[in-house]
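In what follows, a structure is listed as structure tokens, so that the remarks can point back to it.
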Amino acid sequence: MTSAEQVLQLDEMGVEFGGFIFYPKSPRYVFRTMPRPDIKKIRGKQINKVGVFVNAPVEEVLQTVDDCGLYLVQLHGD
């Protein structure tokens, strides 16, 4: 997801999980289009925000979970 509108559209369709890419090398890197406070404000009826991380330090993951109000994380890499 790269915008609040996308997340809310999925929520209206009954989707339960929406992923946000927190990997700077990805073309879908969420911080290019949305700041942390905007991500945290996103609330739907049932959608849960999932953070996708690649080889990120634990401290960075935990801080992003808190800053963005993430429900789950998906870890990739080593």
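Order determines the names: the first chain of the structure tokens is A, the second B, and so forth; residues in each chain are numbered 1 upward, and ligands are numbered 1 upward as they are shown.
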Next on the checklist: Would you pick out the contacts of A:Thr2 at 8 Å or less, using only C-alpha atoms, so that residues sharing its chain but fewer than 6 positions from it are not included, and give the list as a PyMOL selection string?
Outcome noted: chain A and resi 20+28-30+33-34
Checklist entry - Which residues come within 9 Å of A:Glu16, counting only C-alpha atoms, excluding same-chain residues fewer than 3 positions away, as a list in words? => result Leu10, Asp11, Gln46, Ile47, Asn48 and Lys49 of chain A
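Between atom CA of A:Leu70 and atom CA of A:Pro35 lies a distance of 13.7 Å.
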Next on the checklist: What parts of stretch 33-78 of chain A does DSSP call alpha helix (DSSP H)? I'd like the answer as a list of chain:residue names.
Outcome noted: A:Arg36, A:Pro37, A:Asp38, A:Ile39, A:Lys40, A:Lys41, A:Val58, A:Glu59, A:Glu60, A:Val61, A:Leu62, A:Gln63, A:Thr64, A:Val65, A:Asp66, A:Asp67, A:Cys68
Which residues are close to stretch 51-54 of chain A, i.e. within 7 Å by only C-alpha atoms, leaving aside same-chain residues fewer than 3 positions away? Reply as a PDB file with C-alpha atoms, in the first residue's frame.
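Now in around-v9.pdb:
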```pdb
ATOM      1  CA  GLY A  19       0.983  -4.682   3.497  1.00  0.00           C
ATOM      2  CA  PHE A  20       3.274  -1.672   3.681  1.00  0.00           C
ATOM      3  CA  ILE A  21       6.777  -2.057   2.284  1.00  0.00           C
ATOM      4  CA  PHE A  22       9.477  -0.662   4.579  1.00  0.00           C
ATOM      5  CA  TYR A  23      12.397  -1.582   2.317  1.00  0.00           C
ATOM      6  CA  LEU A  70       1.333  -1.875  12.689  1.00  0.00           C
ATOM      7  CA  LEU A  72       1.950  -7.582  12.210  1.00  0.00           C
ATOM      8  CA  VAL A  73       5.354  -7.701  10.587  1.00  0.00           C
ATOM      9  CA  GLN A  74       6.625  -9.880   7.776  1.00  0.00           C
ATOM     10  CA  LEU A  75      10.390 -10.395   7.779  1.00  0.00           C
ATOM     11  CA  HIS A  76      12.520 -11.228   4.725  1.00  0.00           C
ATOM     12  CA  GLY A  77      16.212 -11.725   4.218  1.00  0.00           C
TER      13      GLY A  77
END
```
Checklist entry - At what distance in Å, to one decimal, does atom CA of A:Glu60 lie from atom CA of A:Lys40? => result 15.9 Å
Next on the checklist: as a list of chain:residue names, please: every residue in chain A that a backbone DSSP assignment puts in strand (DSSP E or B).
Outcome noted: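 For chain A, the strand (DSSP E or B) set is A:Phe17, A:Gly18, A:Gly19, A:Phe20, A:Ile21, A:Tyr29, A:Asn48, A:Lys49, A:Val50, A:Gly51, A:Val52, A:Phe53, A:Val54, A:Leu72, A:Val73, A:Gln74, A:Leu75, A:His76.
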Item to check | Residues near A:Leu8, cut-off 7 Å, only C-alpha atoms, skip fewer than 4 positions along chain, as number ranges by chain | outcome: A: 4, 12, 44
Just the selected residues (N, CA, C and O atoms), exported as a PDB file, in the first residue's frame, please.
```pdb
ATOM      1  N   ALA A   4      -3.395   5.997   1.832  1.00  0.00           N
ATOM      2  CA  ALA A   4      -4.502   5.668   2.739  1.00  0.00           C
ATOM      3  C   ALA A   4      -5.730   5.235   1.954  1.00  0.00           C
ATOM      4  O   ALA A   4      -6.465   4.342   2.388  1.00  0.00           O
ATOM      5  N   GLU A  12     -12.996  -1.766   2.645  1.00  0.00           N
ATOM      6  CA  GLU A  12     -14.391  -1.811   2.190  1.00  0.00           C
ATOM      7  C   GLU A  12     -14.712  -3.113   1.466  1.00  0.00           C
ATOM      8  O   GLU A  12     -15.853  -3.562   1.469  1.00  0.00           O
ATOM      9  N   GLY A  44      -9.458   1.242   9.612  1.00  0.00           N
ATOM     10  CA  GLY A  44     -10.559   0.690   8.857  1.00  0.00           C
ATOM     11  C   GLY A  44     -11.454  -0.106   9.782  1.00  0.00           C
ATOM     12  O   GLY A  44     -11.252  -0.134  10.993  1.00  0.00           O
TER      13      GLY A  44
END
```
Item to check | Contacts of A:Arg36 within 10 Å, only C-alpha atoms, excl. fewer than 5 positions in-chain, as JSON, numbers by chain | outcome: {"A": [30, 31, 41, 64, 65, 66, 67, 68, 69]}
Next on the checklist: Rounded to one decimal, what separation in Å do you get between atom CA of A:Arg32 and atom CA of A:Val7?
Outcome noted: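 Taking atom CA of A:Arg32 and atom CA of A:Val7, their separation equals 16.2 Å.
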